[in-house]
Amino acid sequence: MYSGKEFALMGFNLTYPSIVAIVGYLILLVIVLLPIDMYTYNAQAGKHVKQPYSFPFRLLIALLLIIPFFLGVYSINCMMVGGCHAWSWIVAILTIIWAFVIAVTSFSLGAFSLDQMV
């Protein structure tokens with residue numbers, strides 16, 4: 001269906017927008033692994049606290065990010081090539097589940113209240 005040029009990478013035919021996304025994701029993975037300071041908010045102290053650099057922890061973050069990165073590349077490639085009917089339903093259902101989980105978590109943890117909205 002796709003009339004443009006494709007690039008073969010490890011047995012997969014990827015479109016050029018997919019390759020651009022892969023390069024962007026690789027840049028993000030490198031940034032995650034760089035030994036730069038990370039801060040987390042400590043609610044008890046009421047301030048941001050510097051976390052010591054831990055390569056295994058950063059590697060775990062990078063490995064967890066690989067899954068959404070590949071799903072993003074697959075989605076971009078599918079949008080270019082076409083024929084993504086099943087994939088579009090999967091993404092739509094996952095989006096609804098994600099929204100529901102965020103809403104339930106926000107309300108149960110009291111992340112915001114209706115009093116703050118008015």
# chains A, B, ... in the order shown; residues from 1 in each chain; ligands from 1
>>> select_by_dssp(residues="stretch 33-69 of chain A", states="strand (DSSP E)", output="PyMOL selection string")
chain A and resi 38-42+47-51
>>> select_by_dssp(residues="chain A", states="helix (DSSP H, G or I)", output="ChimeraX atom specification")
/A:16-33,55-81,85-109,114-117
>>> closest_atom_pairs(of="stretch 52-73 of chain A", to="stretch 83-98 of chain A", cutoff="12 Å", atoms="only C-alpha atoms", output="CSV")
residue,atom,partner,partner_atom,distance
A:Pro68,CA,A:Val91,CA,11.7
A:Leu71,CA,A:Val91,CA,9.7
A:Gly72,CA,A:Val91,CA,10.5
>>> atom_distance(atom1="atom CA of A:Gln44", atom2="atom CA of A:Thr105")
20.8 Å
>>> closest_residue(among="A:Val23, A:Leu34, A:Ile102, A:Leu14", to="A:Ala62", atoms="only C-alpha atoms")
A:Leu34
>>> atom_distance(atom1="atom CA of A:Pro56", atom2="atom CA of A:Tyr25")
19.4 Å
>>> atom_distance(atom1="atom CA of A:Leu59", atom2="atom CA of A:Val30")
10.2 Å
>>> closest_residue(among="A:Leu29, A:Ala103, A:Met79, A:Ala21", to="A:Ile66", atoms="only C-alpha atoms")
A:Leu29
